[in-house]
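Novice: Handing over my_file-v4.pdb, PDB, C-alpha atoms.
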```pdb
MODEL        1
ATOM      1  CA  MET A  11       6.497  51.349  70.593
ATOM      2  CA  LYS A  12       3.303  49.219  70.697
ATOM      3  CA  SER A  13       3.443  48.854  66.913
ATOM      4  CA  ILE A  14       7.049  47.656  67.086
ATOM      5  CA  MET A  15       6.150  45.177  69.841
ATOM      6  CA  ARG A  16       3.216  43.755  67.834
ATOM      7  CA  THR A  17       5.418  43.348  64.750
ATOM      8  CA  ALA A  18       8.018  41.490  66.773
ATOM      9  CA  VAL A  19       5.418  39.182  68.291
ATOM     10  CA  MET A  20       3.872  38.379  64.935
ATOM     11  CA  ALA A  21       7.257  37.425  63.524
ATOM     12  CA  LEU A  22       7.926  34.808  66.170
ATOM     13  CA  PRO A  23       7.418  31.122  65.314
ATOM     14  CA  LEU A  24       4.875  29.159  67.358
ATOM     15  CA  ALA A  25       7.579  27.264  69.245
ATOM     16  CA  ALA A  26       8.980  30.511  70.580
ATOM     17  CA  ILE A  27       5.720  32.031  71.784
ATOM     18  CA  MET A  28       5.928  30.537  75.271
ATOM     19  CA  ALA A  29       9.251  32.321  75.745
ATOM     20  CA  LEU A  30       7.697  35.775  75.238
ATOM     21  CA  PRO A  31       8.206  38.198  78.133
ATOM     22  CA  ALA A  32       5.275  38.786  80.475
ATOM     23  CA  SER A  33       5.311  42.466  79.545
ATOM     24  CA  ALA A  34       4.152  41.790  75.971
ATOM     25  CA  GLU A  35       0.648  43.120  75.303
ATOM     26  CA  GLU A  36      -1.988  40.395  75.599
ATOM     27  CA  LEU A  37      -4.995  40.005  73.357
ATOM     28  CA  VAL A  38      -7.936  38.932  75.538
ATOM     29  CA  LEU A  39     -10.644  36.772  73.952
ATOM     30  CA  LYS A  40     -13.744  35.960  75.980
ATOM     31  CA  PHE A  41     -14.783  32.294  75.618
ATOM     32  CA  ALA A  42     -18.393  31.455  76.509
ATOM     33  CA  THR A  43     -18.808  27.793  77.378
ATOM     34  CA  THR A  44     -22.598  28.210  77.995
ATOM     35  CA  ASN A  45     -22.413  25.399  80.600
ATOM     36  CA  PHE A  46     -21.828  25.524  84.326
ATOM     37  CA  PRO A  47     -18.214  25.090  85.524
ATOM     38  CA  GLN A  48     -18.717  21.518  86.789
ATOM     39  CA  ALA A  49     -20.173  20.171  83.518
ATOM     40  CA  HIS A  50     -18.032  17.312  82.218
ATOM     41  CA  LEU A  51     -17.520  19.155  78.923
ATOM     42  CA  ASN A  52     -15.972  22.108  80.724
ATOM     43  CA  VAL A  53     -13.906  20.071  83.167
ATOM     44  CA  GLN A  54     -12.444  17.680  80.604
ATOM     45  CA  ILE A  55     -12.384  19.652  77.330
ATOM     46  CA  GLN A  56     -13.126  23.376  77.357
ATOM     47  CA  HIS A  57     -11.098  24.430  80.391
ATOM     48  CA  PRO A  58      -8.011  22.361  79.445
ATOM     49  CA  TRP A  59      -8.202  23.748  75.888
ATOM     50  CA  ALA A  60      -8.290  27.333  77.167
ATOM     51  CA  LYS A  61      -5.469  26.603  79.606
ATOM     52  CA  ARG A  62      -3.338  25.152  76.804
ATOM     53  CA  LEU A  63      -3.846  28.241  74.651
ATOM     54  CA  ASN A  64      -3.011  30.502  77.574
ATOM     55  CA  GLU A  65       0.191  28.598  78.258
ATOM     56  CA  GLN A  66       1.272  28.653  74.624
ATOM     57  CA  GLY A  67       0.299  32.295  74.240
ATOM     58  CA  ALA A  68       1.630  33.632  77.540
ATOM     59  CA  GLY A  69       2.124  37.364  77.151
ATOM     60  CA  VAL A  70       0.325  37.475  73.797
ATOM     61  CA  LEU A  71      -3.013  35.707  74.186
ATOM     62  CA  LYS A  72      -5.389  35.264  77.103
ATOM     63  CA  ILE A  73      -8.548  33.162  76.825
ATOM     64  CA  ASP A  74     -10.983  34.573  79.373
ATOM     65  CA  VAL A  75     -13.361  31.674  80.115
ATOM     66  CA  ARG A  76     -16.943  32.610  80.977
ATOM     67  CA  ASP A  77     -18.958  29.636  82.262
ATOM     68  CA  GLY A  78     -22.704  29.517  82.773
ATOM     69  CA  PRO A  79     -25.557  31.083  80.822
ATOM     70  CA  ALA A  80     -25.157  34.703  81.938
ATOM     71  CA  VAL A  81     -23.008  35.963  79.069
ATOM     72  CA  ALA A  82     -24.177  33.435  76.456
ATOM     73  CA  ASN A  83     -26.568  30.512  76.581
ATOM     74  CA  HIS A  84     -27.772  27.618  74.442
ATOM     75  CA  ALA A  85     -30.238  29.879  72.635
ATOM     76  CA  ASN A  86     -28.213  33.043  71.928
ATOM     77  CA  PHE A  87     -24.603  31.817  71.728
ATOM     78  CA  TYR A  88     -24.344  32.328  67.957
ATOM     79  CA  GLN A  89     -25.545  35.926  67.996
ATOM     80  CA  ARG A  90     -23.337  36.717  70.980
ATOM     81  CA  VAL A  91     -20.281  35.836  68.893
ATOM     82  CA  VAL A  92     -21.508  37.648  65.777
ATOM     83  CA  ASP A  93     -22.213  40.740  67.916
ATOM     84  CA  ASP A  94     -18.746  40.466  69.547
ATOM     85  CA  VAL A  95     -20.158  40.210  73.078
ATOM     86  CA  VAL A  96     -17.872  37.191  73.312
ATOM     87  CA  GLN A  97     -15.174  36.259  70.823
ATOM     88  CA  ILE A  98     -15.317  32.445  71.133
ATOM     89  CA  SER A  99     -18.244  30.231  72.032
ATOM     90  CA  TRP A 100     -19.431  26.658  72.208
ATOM     91  CA  GLY A 101     -22.820  25.785  70.818
ATOM     92  CA  VAL A 102     -24.988  23.232  69.047
ATOM     93  CA  ASN A 103     -25.589  24.206  65.414
ATOM     94  CA  SER A 104     -29.078  22.709  65.520
ATOM     95  CA  PHE A 105     -30.132  25.393  67.998
ATOM     96  CA  VAL A 106     -29.548  28.136  65.377
ATOM     97  CA  SER A 107     -32.757  27.826  63.406
ATOM     98  CA  GLY A 108     -32.383  27.589  59.636
ATOM     99  CA  LYS A 109     -28.689  28.512  59.555
ATOM    100  CA  PHE A 110     -26.959  25.136  59.120
ATOM    101  CA  PRO A 111     -29.073  22.774  56.953
ATOM    102  CA  ARG A 112     -26.004  21.190  55.288
ATOM    103  CA  THR A 113     -24.227  20.689  58.603
ATOM    104  CA  GLU A 114     -27.327  18.871  59.850
ATOM    105  CA  VAL A 115     -26.245  15.847  57.800
ATOM    106  CA  VAL A 116     -24.886  14.468  61.087
ATOM    107  CA  SER A 117     -28.420  14.597  62.543
ATOM    108  CA  LEU A 118     -29.718  11.969  60.116
ATOM    109  CA  PRO A 119     -30.599   8.733  61.967
ATOM    110  CA  TYR A 120     -28.654   5.482  61.864
ATOM    111  CA  LEU A 121     -25.593   6.847  60.038
ATOM    112  CA  ALA A 122     -22.526   7.625  62.171
ATOM    113  CA  PRO A 123     -21.270   4.750  64.365
ATOM    114  CA  SER A 124     -19.557   7.080  66.834
ATOM    115  CA  SER A 125     -19.000  10.698  67.753
ATOM    116  CA  GLU A 126     -15.359  10.362  66.717
ATOM    117  CA  ALA A 127     -16.309   9.298  63.192
ATOM    118  CA  ALA A 128     -19.028  11.941  62.859
ATOM    119  CA  SER A 129     -16.740  14.704  64.144
ATOM    120  CA  VAL A 130     -13.882  13.908  61.781
ATOM    121  CA  ALA A 131     -16.283  13.534  58.856
ATOM    122  CA  LEU A 132     -17.892  16.879  59.605
ATOM    123  CA  ARG A 133     -14.543  18.638  59.751
ATOM    124  CA  ARG A 134     -13.437  17.090  56.461
ATOM    125  CA  LEU A 135     -16.658  18.172  54.773
ATOM    126  CA  PHE A 136     -15.889  21.698  55.930
ATOM    127  CA  LYS A 137     -12.248  21.555  54.824
ATOM    128  CA  GLU A 138     -13.365  20.331  51.388
ATOM    129  CA  GLY A 139     -15.578  23.395  51.034
ATOM    130  CA  LEU A 140     -18.882  21.541  50.994
ATOM    131  CA  LEU A 141     -20.260  23.574  53.912
ATOM    132  CA  ASP A 142     -18.864  26.993  52.963
ATOM    133  CA  ALA A 143     -22.231  28.632  52.328
ATOM    134  CA  GLU A 144     -23.177  28.203  55.986
ATOM    135  CA  TYR A 145     -20.024  29.708  57.466
ATOM    136  CA  ASN A 146     -20.023  33.200  55.955
ATOM    137  CA  GLU A 147     -20.174  34.802  59.411
ATOM    138  CA  VAL A 148     -18.174  32.448  61.611
ATOM    139  CA  VAL A 149     -15.074  30.268  61.586
ATOM    140  CA  PRO A 150     -15.408  26.867  63.309
ATOM    141  CA  LEU A 151     -12.318  26.076  65.371
ATOM    142  CA  ARG A 152     -13.380  22.604  66.480
ATOM    143  CA  PHE A 153     -16.284  20.571  65.162
ATOM    144  CA  VAL A 154     -18.116  17.800  66.941
ATOM    145  CA  GLY A 155     -20.828  15.398  65.867
ATOM    146  CA  PHE A 156     -22.636  14.079  68.917
ATOM    147  CA  PRO A 157     -23.235  10.335  69.358
ATOM    148  CA  GLN A 158     -26.550   8.817  68.322
ATOM    149  CA  ALA A 159     -29.567   9.857  70.388
ATOM    150  CA  GLY A 160     -31.969   7.542  72.131
ATOM    151  CA  LEU A 161     -35.487   7.924  73.502
ATOM    152  CA  HIS A 162     -35.707   8.650  77.225
ATOM    153  CA  LEU A 163     -39.136   8.579  78.882
ATOM    154  CA  LYS A 164     -40.613   9.294  82.284
ATOM    155  CA  ALA A 165     -42.365   5.914  82.264
ATOM    156  CA  GLN A 166     -42.627   2.825  80.083
ATOM    157  CA  PRO A 167     -44.884   3.526  77.098
ATOM    158  CA  VAL A 168     -47.946   1.487  76.229
ATOM    159  CA  SER A 169     -46.200   0.356  73.051
ATOM    160  CA  THR A 170     -42.474   0.107  72.342
ATOM    161  CA  GLU A 171     -43.050  -0.257  68.596
ATOM    162  CA  ASP A 172     -43.897   3.380  67.873
ATOM    163  CA  LEU A 173     -44.364   6.724  69.608
ATOM    164  CA  GLN A 174     -48.145   6.944  69.314
ATOM    165  CA  GLY A 175     -49.646   9.026  72.106
ATOM    166  CA  LEU A 176     -46.280  10.381  73.275
ATOM    167  CA  LYS A 177     -45.261  14.029  73.489
ATOM    168  CA  VAL A 178     -41.502  14.076  72.956
ATOM    169  CA  GLN A 179     -39.093  16.971  73.319
ATOM    170  CA  ALA A 180     -37.058  17.300  70.145
ATOM    171  CA  GLY A 181     -34.211  19.790  69.921
ATOM    172  CA  GLY A 182     -34.085  20.653  66.238
ATOM    173  CA  ARG A 183     -35.749  20.012  62.901
ATOM    174  CA  MET A 184     -34.463  16.488  62.313
ATOM    175  CA  PRO A 185     -35.350  15.110  65.781
ATOM    176  CA  SER A 186     -38.810  16.652  65.354
ATOM    177  CA  GLN A 187     -39.215  14.883  62.021
ATOM    178  CA  ILE A 188     -38.088  11.598  63.587
ATOM    179  CA  VAL A 189     -40.695  11.885  66.347
ATOM    180  CA  ALA A 190     -43.442  12.725  63.858
ATOM    181  CA  ALA A 191     -42.449   9.909  61.478
ATOM    182  CA  LEU A 192     -42.786   7.405  64.324
ATOM    183  CA  GLY A 193     -46.218   8.683  65.319
ATOM    184  CA  GLY A 194     -45.348  10.941  68.248
ATOM    185  CA  ALA A 195     -45.956  14.635  68.837
ATOM    186  CA  PRO A 196     -42.709  16.643  68.746
ATOM    187  CA  ILE A 197     -42.509  19.440  71.312
ATOM    188  CA  SER A 198     -39.923  22.197  71.047
ATOM    189  CA  LEU A 199     -38.167  22.981  74.329
ATOM    190  CA  ASN A 200     -34.755  24.465  75.000
ATOM    191  CA  ILE A 201     -32.317  21.878  76.343
ATOM    192  CA  THR A 202     -32.340  23.620  79.730
ATOM    193  CA  GLU A 203     -36.146  23.218  79.852
ATOM    194  CA  ILE A 204     -36.231  19.425  79.343
ATOM    195  CA  TYR A 205     -35.973  18.552  83.040
ATOM    196  CA  GLU A 206     -38.915  20.726  84.041
ATOM    197  CA  GLY A 207     -40.892  19.746  80.948
ATOM    198  CA  ILE A 208     -40.703  16.046  81.840
ATOM    199  CA  GLN A 209     -41.200  16.692  85.551
ATOM    200  CA  ARG A 210     -44.381  18.695  84.941
ATOM    201  CA  GLY A 211     -45.729  16.386  82.252
ATOM    202  CA  THR A 212     -45.463  18.901  79.431
ATOM    203  CA  VAL A 213     -43.648  16.112  77.598
ATOM    204  CA  ASN A 214     -43.376  12.379  78.192
ATOM    205  CA  GLY A 215     -39.688  12.322  77.391
ATOM    206  CA  THR A 216     -36.947  13.435  75.047
ATOM    207  CA  ILE A 217     -34.838  12.332  72.118
ATOM    208  CA  ILE A 218     -31.305  13.055  73.288
ATOM    209  CA  GLN A 219     -27.872  11.544  73.842
ATOM    210  CA  TRP A 220     -26.668   9.984  77.102
ATOM    211  CA  THR A 221     -24.100  12.797  77.083
ATOM    212  CA  ALA A 222     -26.770  15.213  78.358
ATOM    213  CA  PHE A 223     -27.566  13.245  81.507
ATOM    214  CA  GLN A 224     -24.797  14.578  83.739
ATOM    215  CA  PRO A 225     -25.105  18.335  83.125
ATOM    216  CA  PHE A 226     -28.909  18.386  82.944
ATOM    217  CA  LYS A 227     -29.661  15.699  85.592
ATOM    218  CA  LEU A 228     -32.061  13.860  83.299
ATOM    219  CA  ALA A 229     -31.809  10.592  85.249
ATOM    220  CA  GLU A 230     -33.914  12.267  87.934
ATOM    221  CA  VAL A 231     -36.930  12.620  85.631
ATOM    222  CA  THR A 232     -36.586   9.711  83.171
ATOM    223  CA  LYS A 233     -36.863   6.008  83.966
ATOM    224  CA  TYR A 234     -37.391   4.164  80.663
ATOM    225  CA  HIS A 235     -34.710   4.369  77.987
ATOM    226  CA  ILE A 236     -34.705   3.012  74.429
ATOM    227  CA  ASP A 237     -31.094   2.866  73.243
ATOM    228  CA  THR A 238     -31.070   3.316  69.477
ATOM    229  CA  GLY A 239     -29.712   5.472  66.644
ATOM    230  CA  PHE A 240     -32.042   8.453  66.335
ATOM    231  CA  GLY A 241     -29.336  10.703  64.892
ATOM    232  CA  GLY A 242     -26.505  12.840  66.188
ATOM    233  CA  ALA A 243     -26.195  16.619  66.307
ATOM    234  CA  PRO A 244     -23.526  19.046  65.092
ATOM    235  CA  ALA A 245     -21.767  21.415  67.478
ATOM    236  CA  MET A 246     -18.713  23.639  67.384
ATOM    237  CA  VAL A 247     -16.338  25.987  69.119
ATOM    238  CA  PHE A 248     -16.130  29.017  66.859
ATOM    239  CA  MET A 249     -15.257  32.664  66.294
ATOM    240  CA  ALA A 250     -16.760  35.413  64.168
ATOM    241  CA  THR A 251     -15.010  35.579  60.787
ATOM    242  CA  LYS A 252     -14.146  39.266  61.217
ATOM    243  CA  ARG A 253     -12.588  38.637  64.608
ATOM    244  CA  TYR A 254     -10.642  35.611  63.408
ATOM    245  CA  GLN A 255      -9.273  37.412  60.341
ATOM    246  CA  ALA A 256      -8.207  40.365  62.480
ATOM    247  CA  LEU A 257      -6.109  38.216  64.828
ATOM    248  CA  PRO A 258      -2.372  38.904  64.862
ATOM    249  CA  ASP A 259      -0.568  36.163  62.939
ATOM    250  CA  ALA A 260       1.112  34.788  66.051
ATOM    251  CA  VAL A 261      -2.214  34.476  67.874
ATOM    252  CA  ARG A 262      -3.901  32.870  64.883
ATOM    253  CA  ARG A 263      -1.105  30.310  64.681
ATOM    254  CA  ILE A 264      -1.676  29.354  68.326
ATOM    255  CA  ILE A 265      -5.406  28.923  67.805
ATOM    256  CA  ASP A 266      -4.970  27.032  64.531
ATOM    257  CA  ALA A 267      -2.417  24.714  66.128
ATOM    258  CA  ASN A 268      -5.068  23.703  68.665
ATOM    259  CA  SER A 269      -7.958  23.430  66.216
ATOM    260  CA  GLY A 270      -6.947  20.708  63.783
ATOM    261  CA  GLU A 271      -8.334  17.281  62.971
ATOM    262  CA  LYS A 272      -6.454  15.800  65.931
ATOM    263  CA  ASP A 273      -8.353  18.088  68.315
ATOM    264  CA  THR A 274     -11.634  17.311  66.575
ATOM    265  CA  ARG A 275     -10.977  13.568  66.797
ATOM    266  CA  GLU A 276     -10.144  13.831  70.510
ATOM    267  CA  PHE A 277     -13.308  15.880  71.048
ATOM    268  CA  GLY A 278     -15.349  13.100  69.450
ATOM    269  CA  GLN A 279     -13.576  10.442  71.502
ATOM    270  CA  PHE A 280     -14.490  12.406  74.633
ATOM    271  CA  TRP A 281     -18.182  12.362  73.736
ATOM    272  CA  ASP A 282     -18.026   8.633  73.000
ATOM    273  CA  ARG A 283     -16.625   8.059  76.498
ATOM    274  CA  VAL A 284     -19.276  10.297  78.034
ATOM    275  CA  GLN A 285     -22.009   8.498  76.081
ATOM    276  CA  HIS A 286     -20.843   5.183  77.539
ATOM    277  CA  GLN A 287     -20.378   6.598  81.035
ATOM    278  CA  GLY A 288     -23.799   8.248  80.991
ATOM    279  CA  ARG A 289     -25.506   5.010  80.027
ATOM    280  CA  GLU A 290     -23.633   2.920  82.588
ATOM    281  CA  THR A 291     -24.128   5.442  85.386
ATOM    282  CA  VAL A 292     -27.886   5.341  84.826
ATOM    283  CA  ARG A 293     -27.844   1.551  84.612
ATOM    284  CA  ALA A 294     -25.935   1.268  87.905
ATOM    285  CA  ALA A 295     -28.212   3.727  89.687
ATOM    286  CA  GLY A 296     -31.108   1.290  89.744
ATOM    287  CA  GLY A 297     -34.750   2.048  89.106
ATOM    288  CA  HIS A 298     -34.148   2.460  85.379
ATOM    289  CA  THR A 299     -34.982   0.241  82.440
ATOM    290  CA  ILE A 300     -32.656   0.387  79.430
ATOM    291  CA  VAL A 301     -33.694  -1.572  76.355
ATOM    292  CA  LYS A 302     -32.722  -1.881  72.730
ATOM    293  CA  PRO A 303     -35.428  -2.207  70.098
ATOM    294  CA  THR A 304     -35.846  -5.741  68.799
ATOM    295  CA  PRO A 305     -34.369  -6.382  65.329
ATOM    296  CA  ALA A 306     -37.893  -6.376  63.900
ATOM    297  CA  VAL A 307     -38.797  -3.050  65.502
ATOM    298  CA  GLU A 308     -35.505  -1.432  64.510
ATOM    299  CA  ALA A 309     -35.988  -2.614  60.912
ATOM    300  CA  LYS A 310     -39.437  -1.048  60.979
ATOM    301  CA  TRP A 311     -38.077   2.221  62.365
ATOM    302  CA  ARG A 312     -35.283   2.347  59.801
ATOM    303  CA  GLU A 313     -37.820   1.852  57.026
ATOM    304  CA  ARG A 314     -40.076   4.622  58.344
ATOM    305  CA  LEU A 315     -37.160   7.023  58.818
ATOM    306  CA  GLN A 316     -35.474   6.374  55.466
ATOM    307  CA  PRO A 317     -37.636   8.984  53.679
ATOM    308  CA  LEU A 318     -36.158  11.648  55.974
ATOM    309  CA  ALA A 319     -32.744  11.213  54.358
ATOM    310  CA  GLU A 320     -34.306  11.276  50.900
ATOM    311  CA  GLU A 321     -36.231  14.444  51.722
ATOM    312  CA  TRP A 322     -33.103  16.016  53.196
ATOM    313  CA  THR A 323     -31.141  15.454  49.968
ATOM    314  CA  LYS A 324     -33.917  17.159  47.973
ATOM    315  CA  THR A 325     -34.370  20.195  50.214
ATOM    316  CA  VAL A 326     -30.702  20.909  50.992
ATOM    317  CA  PRO A 327     -28.609  22.418  48.192
ATOM    318  CA  ASN A 328     -26.250  19.765  46.794
ATOM    319  CA  GLY A 329     -27.690  17.411  49.400
ATOM    320  CA  ALA A 330     -27.229  14.141  47.499
ATOM    321  CA  ARG A 331     -23.529  14.798  46.908
ATOM    322  CA  LEU A 332     -23.040  15.950  50.488
ATOM    323  CA  LEU A 333     -24.708  12.874  51.992
ATOM    324  CA  ALA A 334     -22.749  10.534  49.707
ATOM    325  CA  ARG A 335     -19.480  12.192  50.701
ATOM    326  CA  TYR A 336     -20.389  12.091  54.390
ATOM    327  CA  ARG A 337     -21.070   8.356  54.175
ATOM    328  CA  ALA A 338     -17.803   7.810  52.296
ATOM    329  CA  ILE A 339     -15.766   9.709  54.914
ATOM    330  CA  LEU A 340     -17.415   7.722  57.715
ATOM    331  CA  LYS A 341     -16.192   4.536  56.037
ATOM    332  CA  GLU A 342     -12.711   6.036  55.629
ATOM    333  CA  VAL A 343     -12.548   6.980  59.298
ATOM    334  CA  GLN A 344     -13.801   3.571  60.423
ATOM    335  CA  GLY A 345     -11.304   1.821  58.177
ATOM    336  CA  ALA A 346      -8.428   3.857  59.573
ATOM    337  CA  SER A 347      -9.346   3.295  63.227
TER     338      SER A 347
ENDMDL
END
```
Please rewrite the model in this file as structure tokens.
Specialist:
Amino acid sequence: MKSIMRTAVMALPLAAIMALPASAEELVLKFATTNFPQAHLNVQIQHPWAKRLNEQGAGVLKIDVRDGPAVANHANFYQRVVDDVVQISWGVNSFVSGKFPRTEVVSLPYLAPSSEAASVALRRLFKEGLLDAEYNEVVPLRFVGFPQAGLHLKAQPVSTEDLQGLKVQAGGRMPSQIVAALGGAPISLNITEIYEGIQRGTVNGTIIQWTAFQPFKLAEVTKYHIDTGFGGAPAMVFMATKRYQALPDAVRRIIDANSGEKDTREFGQFWDRVQHQGRETVRAAGGHTIVKPTPAVEAKWRERLQPLAEEWTKTVPNGARLLARYRAILKEVQGAS
């Protein structure tokens, strides 16, 4: 009887799924958001996405949302999915050491003008097969390229022309290289450790996006902010390949219908709004200094960071072609907006 029921469900078109009877057997997929329930990402993106899938898959699919770091966190989210502890997770690719060097193209400084552009470009690179070697274990459902990062410090530095004498938290290989190229000392801390690291003086500050200020309360420990283009970061909502391929056709159609370029573009637009809101919230709070580097200083920084892109193209397989295509897609996306 169960076999007959599954066959009937799989034969239904997507438009008819919401009409399925409540008695149909549900496939439950645990979704680890890794963030606390009140984080803006959960409130505005992850929870509504799960709710939409549950509504469309009523009786067939149930997304069981697990917030917070108990079931999966920013360090182990990838392995949790591969090990089938959870079936879907959110996570930053840069936090999976050595796994996604091609995807890290979005981490190069001074390239993407927005999260929307970076996110769409990243998804198109994947759809064109240029990132296939990195996704042998998982299937990305929604990509995101974070907005450009700035430098956020506990206090105004002696010099605003370089990072000499500063210990700076850098979450990933590219941010670490940026800090080192500008004369600072990169310090590796998990994103959840940044607050305490700055508070205790383990680091003077961090290279990170304004998007991190709300969930990690960074405005409480930073006061001097240099708003610039120190690179984005790739992230995704994803499943293990084996789990995805084993989904009943009807369930896969629901997930695919909510995982296209439109969803990726909207995800990027969300981060662009949060980037703006984070900056303006800090500005309005008082007691903070937000500056942009002078044209001369930014020109100097661009010149010193240019070799990072050149090195990246030499160390990443097919890197030159990948970077050229990424730049071309960014122009396409900007031209279409």
Novice: Can I get the residues of range 22-93 of chain A within 10 Å of range 243-263 of chain A, each with the closest pair of atoms and their distance in Å to one decimal, using only C-alpha atoms, sorted chain first then ascending number, as a tab-separated table?
Specialist:
```
residue	atom	partner	partner_atom	distance
A:Leu22	CA	A:Ala260	CA	6.8
A:Pro23	CA	A:Ala260	CA	7.3
A:Leu24	CA	A:Arg263	CA	6.7
A:Ile27	CA	A:Ala260	CA	7.9
A:Glu36	CA	A:Val261	CA	9.7
A:Leu37	CA	A:Val261	CA	8.3
A:Leu39	CA	A:Arg253	CA	9.7
A:Phe41	CA	A:Val247	CA	9.2
A:Ala42	CA	A:Val247	CA	9.4
A:Thr43	CA	A:Val247	CA	8.8
A:Gln56	CA	A:Val247	CA	9.2
A:Leu63	CA	A:Val261	CA	9.4
A:Gln66	CA	A:Val261	CA	9.6
A:Gly67	CA	A:Val261	CA	7.2
A:Val70	CA	A:Val261	CA	7.1
A:Leu71	CA	A:Val261	CA	6.5
A:Lys72	CA	A:Val261	CA	9.8
A:Tyr88	CA	A:Phe248	CA	8.9
A:Gln89	CA	A:Ala250	CA	9.6
A:Arg90	CA	A:Ala250	CA	9.6
A:Val91	CA	A:Ala250	CA	5.9
A:Val92	CA	A:Ala250	CA	5.5
A:Asp93	CA	A:Ala250	CA	8.5
```
Novice: To one decimal place, how far is CA of Thr299 in chain A from CA of Lys164 in chain A in Å?
Specialist: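 That distance, rounded to one decimal, is 10.7 Å.
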Novice: What residues come out when you apply the PyMOL selection byres ((chain A and resi 110) around 10) to this file, written as a VMD selection string?
Specialist: chain A and resid 103 to 109 111 to 115 141 143 to 145 244 326
Novice: Determine, counting all atoms listed in the file, which protein, DNA and RNA residues have an atom within 8 Å of an atom of range 149-159 of chain A; residues of the same chain fewer than 5 positions away are not included. Present the result as a ChimeraX atom specification.
Specialist: /A:116,119-120,122-126,128-130,132-133,217-220,237-251,254,265-266,269-270,273-274,277-278,281-282,285
Novice: Using only C-alpha atoms, which residues sit within 8 Å of Ile339 in chain A once same-chain residues fewer than 4 positions away are excluded, as an NGL selection string?
Specialist: :A and (131 or 134 or 335 or 343)
Novice: Would you kindly return, as a VMD selection string, each protein, DNA or RNA residue with an atom no farther than 8 Å from any atom of range 168-180 of chain A, considering all atoms listed in the file and excluding same-chain residues fewer than 6 positions away?
Specialist: chain A and resid 186 189 192 to 199 204 212 to 218 303 307
Novice: Using all atoms listed in the file, what residues lie at most 9 Å away from (-25.0, 28.4, 85.1) (file coordinates), given as an mmCIF file with C-alpha atoms, keeping the file's coordinate frame?
Specialist:
```cif
data_model
loop_
_atom_site.group_PDB
_atom_site.id
_atom_site.type_symbol
_atom_site.label_atom_id
_atom_site.label_comp_id
_atom_site.auth_asym_id
_atom_site.auth_seq_id
_atom_site.Cartn_x
_atom_site.Cartn_y
_atom_site.Cartn_z
ATOM 1 C CA THR A 44 -22.598 28.210 77.995
ATOM 2 C CA ASN A 45 -22.413 25.399 80.600
ATOM 3 C CA PHE A 46 -21.828 25.524 84.326
ATOM 4 C CA PRO A 47 -18.214 25.090 85.524
ATOM 5 C CA ASP A 77 -18.958 29.636 82.262
ATOM 6 C CA GLY A 78 -22.704 29.517 82.773
ATOM 7 C CA PRO A 79 -25.557 31.083 80.822
ATOM 8 C CA ALA A 80 -25.157 34.703 81.938
ATOM 9 C CA ASN A 83 -26.568 30.512 76.581
#
```
Novice: How big is the axis-aligned box around all listed atoms of range 302-310 of chain A once 8 Å goes on each side, and where's its centre, in Å to one decimal, as AutoDock Vina command-line options?
Specialist:
```
--center_x -36.1 --center_y -3.7 --center_z 66.8 --size_x 22.7 --size_y 21.3 --size_z 27.8
```
Novice: My list of candidates is A:Val96, A:Ile208, A:Ala309, A:Ala127. Which is closest to Leu340 in chain A when distances are computed with all atoms listed in the file?
Specialist: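 The answer is A:Ala127, which sits nearest to Leu340 in chain A.
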Novice: Distance CA of Glu230 in chain A-CA of Val292 in chain A, one decimal place?
Specialist: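 CA of Glu230 in chain A sits 9.7 Å away from CA of Val292 in chain A.
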Novice: Which of these residues is nearest to Gly296 in chain A, using all atoms listed in the file: A:Ser117, A:Ala229, A:Thr325, A:Ala85?
Specialist: A:Ala229
Novice: List the spatial neighbours of Arg331 in chain A as a PyMOL selection string - criterion: any atom at most 12 Å away, all atoms listed in the file, same-chain residues fewer than 2 positions off excluded.
Specialist: chain A and resi 112+115+135+140-141+322-324+326-329+333-338
